[in-house]
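Shown here: target-v4.pdb, PDB, C-alpha atoms.
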```pdb
ATOM      1  CA  MET A  15      26.109 -34.769  37.459
ATOM      2  CA  ARG A  16      22.763 -34.808  39.219
ATOM      3  CA  ILE A  17      23.609 -31.592  41.024
ATOM      4  CA  LEU A  18      24.587 -29.957  37.750
ATOM      5  CA  ARG A  19      21.294 -31.017  36.138
ATOM      6  CA  SER A  20      19.268 -29.736  39.058
ATOM      7  CA  LEU A  21      21.184 -26.437  38.982
ATOM      8  CA  LYS A  22      20.438 -26.099  35.271
ATOM      9  CA  SER A  23      16.766 -26.793  35.968
ATOM     10  CA  VAL A  24      16.630 -24.213  38.755
ATOM     11  CA  LEU A  25      18.460 -21.659  36.634
ATOM     12  CA  LEU A  26      16.169 -22.261  33.676
ATOM     13  CA  TYR A  27      13.089 -22.022  35.896
ATOM     14  CA  THR A  28      14.358 -18.742  37.400
ATOM     15  CA  ILE A  29      15.023 -17.243  33.975
ATOM     16  CA  LEU A  30      11.594 -18.255  32.671
ATOM     17  CA  LEU A  31       9.892 -16.873  35.774
ATOM     18  CA  ASN A  32      11.754 -13.599  35.387
ATOM     19  CA  CYS A  33      10.766 -13.361  31.699
ATOM     20  CA  TYR A  34       7.137 -14.006  32.584
ATOM     21  CA  HIS A  35       7.076 -11.187  35.152
ATOM     22  CA  THR A  36       8.801  -8.807  32.754
ATOM     23  CA  ALA A  37       6.339  -9.602  29.976
ATOM     24  CA  LYS A  38       3.413  -9.218  32.349
ATOM     25  CA  ALA A  39       4.711  -5.847  33.556
ATOM     26  CA  GLN A  40       4.843  -4.578  29.965
ATOM     27  CA  SER A  41       1.177  -5.324  29.335
ATOM     28  CA  GLN A  42      -0.191  -3.001  32.012
ATOM     29  CA  ASN A  43      -2.339  -0.098  30.861
ATOM     30  CA  SER A  44      -1.419   3.467  31.663
ATOM     31  CA  SER A  45      -3.529   6.575  31.329
ATOM     32  CA  LEU A  46      -2.401  10.022  30.292
ATOM     33  CA  THR A  47      -4.206  13.243  31.053
ATOM     34  CA  GLN A  48      -3.439  16.383  29.128
ATOM     35  CA  ASP A  49      -4.400  19.961  29.597
ATOM     36  CA  PRO A  50      -7.348  21.075  27.399
ATOM     37  CA  LYS A  51      -5.380  24.219  26.477
ATOM     38  CA  PHE A  52      -2.868  21.992  24.696
ATOM     39  CA  GLU A  53      -5.603  20.702  22.395
ATOM     40  CA  GLN A  54      -6.753  24.278  21.784
ATOM     41  CA  LEU A  55      -3.245  25.356  20.770
ATOM     42  CA  LEU A  56      -2.840  22.346  18.538
ATOM     43  CA  ASN A  57      -6.120  23.092  16.760
ATOM     44  CA  GLU A  58      -5.090  26.726  16.252
ATOM     45  CA  LYS A  59      -1.769  25.643  14.737
ATOM     46  CA  ARG A  60      -3.538  23.209  12.414
ATOM     47  CA  LYS A  61      -5.991  25.899  11.352
ATOM     48  CA  ILE A  62      -3.236  28.415  10.606
ATOM     49  CA  ASN A  63      -0.956  26.024   8.739
ATOM     50  CA  ALA A  64      -3.614  23.868   7.051
ATOM     51  CA  ASN A  65      -3.886  25.580   3.691
ATOM     52  CA  LEU A  66      -0.339  26.834   3.272
ATOM     53  CA  PRO A  67       1.356  25.582   0.167
ATOM     54  CA  TYR A  68       5.127  25.405   0.446
ATOM     55  CA  THR A  69       6.198  26.014  -3.100
ATOM     56  CA  ASP A  70       9.233  27.175  -4.987
ATOM     57  CA  ARG A  71       7.956  30.725  -4.933
ATOM     58  CA  TYR A  72       9.467  33.681  -3.102
ATOM     59  CA  LYS A  73       7.794  35.480  -0.212
ATOM     60  CA  ILE A  74       8.510  38.564   1.865
ATOM     61  CA  GLN A  75       8.540  38.256   5.638
ATOM     62  CA  ILE A  76       7.267  41.408   7.328
ATOM     63  CA  PHE A  77       6.905  40.273  10.939
ATOM     64  CA  ASN A  78       8.238  37.750  13.456
ATOM     65  CA  GLY A  79       6.814  37.653  16.984
ATOM     66  CA  PRO A  80       3.736  36.926  19.136
ATOM     67  CA  SER A  81       0.433  35.682  17.736
ATOM     68  CA  GLU A  82      -1.758  38.705  18.446
ATOM     69  CA  THR A  83       0.736  41.161  16.963
ATOM     70  CA  ALA A  84       1.122  38.933  13.896
ATOM     71  CA  LYS A  85      -2.652  38.974  13.348
ATOM     72  CA  LYS A  86      -2.771  42.782  13.667
ATOM     73  CA  THR A  87       0.175  43.159  11.291
ATOM     74  CA  LEU A  88      -1.476  40.936   8.672
ATOM     75  CA  ILE A  89      -4.762  42.875   8.878
ATOM     76  CA  GLU A  90      -2.924  46.192   8.475
ATOM     77  CA  PHE A  91      -0.935  44.827   5.550
ATOM     78  CA  LYS A  92      -4.028  43.577   3.722
ATOM     79  CA  GLN A  93      -5.621  47.021   4.088
ATOM     80  CA  GLU A  94      -2.564  48.765   2.635
ATOM     81  CA  PHE A  95      -1.635  46.254  -0.088
ATOM     82  CA  LYS A  96      -4.853  44.808  -1.430
ATOM     83  CA  ASN A  97      -3.192  43.148  -4.423
ATOM     84  CA  LEU A  98      -0.807  41.000  -2.312
ATOM     85  CA  ASP A  99      -1.864  37.977  -0.291
ATOM     86  CA  GLY A 100      -0.489  37.289   3.175
ATOM     87  CA  THR A 101      -0.361  34.377   5.598
ATOM     88  CA  ILE A 102       0.701  33.671   9.167
ATOM     89  CA  ILE A 103       3.135  30.816   9.758
ATOM     90  CA  PHE A 104       3.853  29.301  13.161
ATOM     91  CA  ASN A 105       7.501  28.433  13.678
ATOM     92  CA  THR A 106       8.325  27.648  17.293
ATOM     93  CA  PRO A 107       8.164  29.882  19.344
ATOM     94  CA  ASN A 108       7.089  32.751  17.083
ATOM     95  CA  TYR A 109       4.554  33.574  14.423
ATOM     96  CA  LYS A 110       5.736  34.911  11.076
ATOM     97  CA  VAL A 111       3.811  36.985   8.574
ATOM     98  CA  TRP A 112       4.680  36.124   4.970
ATOM     99  CA  VAL A 113       3.287  38.144   2.102
ATOM    100  CA  GLY A 114       3.256  37.695  -1.628
ATOM    101  CA  ASN A 115       3.649  34.684  -3.848
ATOM    102  CA  PHE A 116       6.313  35.679  -6.348
ATOM    103  CA  ARG A 117       7.558  33.419  -9.136
ATOM    104  CA  THR A 118      10.968  35.036  -9.414
ATOM    105  CA  ARG A 119      13.322  36.845  -7.098
ATOM    106  CA  MET A 120      13.202  39.946  -9.306
ATOM    107  CA  GLU A 121       9.424  40.110  -9.025
ATOM    108  CA  ALA A 122       9.663  39.983  -5.228
ATOM    109  CA  GLU A 123      12.443  42.585  -5.129
ATOM    110  CA  ARG A 124      10.193  45.051  -6.984
ATOM    111  CA  TYR A 125       7.791  45.101  -4.028
ATOM    112  CA  LEU A 126      10.493  45.100  -1.346
ATOM    113  CA  PRO A 127      11.245  48.882  -1.214
ATOM    114  CA  GLU A 128       7.557  49.776  -1.147
ATOM    115  CA  ILE A 129       6.866  47.374   1.728
ATOM    116  CA  LYS A 130      10.005  48.523   3.618
ATOM    117  CA  LYS A 131       8.493  51.992   3.909
ATOM    118  CA  ASN A 132       5.812  50.656   6.293
ATOM    119  CA  TYR A 133       7.543  47.706   7.975
ATOM    120  CA  LYS A 134      10.995  47.715   9.557
ATOM    121  CA  THR A 135      11.978  44.037   9.606
ATOM    122  CA  VAL A 136      11.390  43.083   5.994
ATOM    123  CA  PHE A 137      13.371  40.526   4.045
ATOM    124  CA  LEU A 138      13.010  38.196   1.112
ATOM    125  CA  ILE A 139      12.673  34.448   1.715
ATOM    126  CA  LYS A 140      12.250  31.278  -0.290
ATOM    127  CA  PRO A 141      10.425  28.787   1.974
ATOM    128  CA  SER A 142      11.582  25.212   1.889
ATOM    129  CA  LYS A 143       9.141  22.341   1.601
TER     130      LYS A 143
END
```
Is it possible to express this structure as structure tokens?
Amino acid sequence: MRILRSLKSVLLYTILLNCYHTAKAQSQNSSLTQDPKFEQLLNEKRKINANLPYTDRYKIQIFNGPSETAKKTLIEFKQEFKNLDGTIIFNTPNYKVWVGNFRTRMEAERYLPEIKKNYKTVFLIKPSK
């Protein structure tokens, strides 16, 4: 009986000691360094997507690709179609140029043929929230 009690005591002591070391190991501090370019990209994404309302309205997508080309496409579009608004959306890994803010599908389809004359990859979308 005495041996059994002493074994229980030793086992209990070992378990408690192990728990203490595990708990102590979890409380150590670690440091993380990140590339400053990551913060730059994150700020650019926030700036682009900050004021974009995702509504029940229809939009026309005129471009999907790299950032610089998307910016050029949007500038060209705004010069040609002054009455339609356009925005750039970042959707990994590409940038998309969405134009218009149409209440109905019919309203958006009225502009579609006119926009297709200048842009090849044009299609109608209804963004989700």
Exercise. The PyMOL selection byres ((chain A and resi 130-133) around 10) on the file shown: which residues, as a ChimeraX atom specification?
Worked result: /A:75-77,87,91,94,125-129,134-137
Exercise. Using all atoms listed in the file, which of A:Tyr72, A:Phe95, A:Pro141, A:Leu55 sits nearest Phe116 of chain A?
Worked result: A:Tyr72
Exercise. Which one of A:Thr101, A:Asn115, A:Gln54, A:Ser45 sits closest to Asp70 of chain A if you count all atoms listed in the file?
Worked result: A:Asn115
For this session: Please measure the separation of atom CA of Lys85 of chain A and atom CA of Ile102 of chain A, giving the value in Å to one decimal.
Result: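 Separation between atom CA of Lys85 of chain A and atom CA of Ile102 of chain A: 7.5 Å.
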For this session: Provide the atom CA of Asn108 of chain A to atom CA of Pro50 of chain A distance in Å, to one decimal place.
Result: 21.2 Å
For this session: Calculate how many Å separate atom CA of Asn78 of chain A from atom CA of Tyr109 of chain A, rounding to one decimal.
Result: 5.7 Å
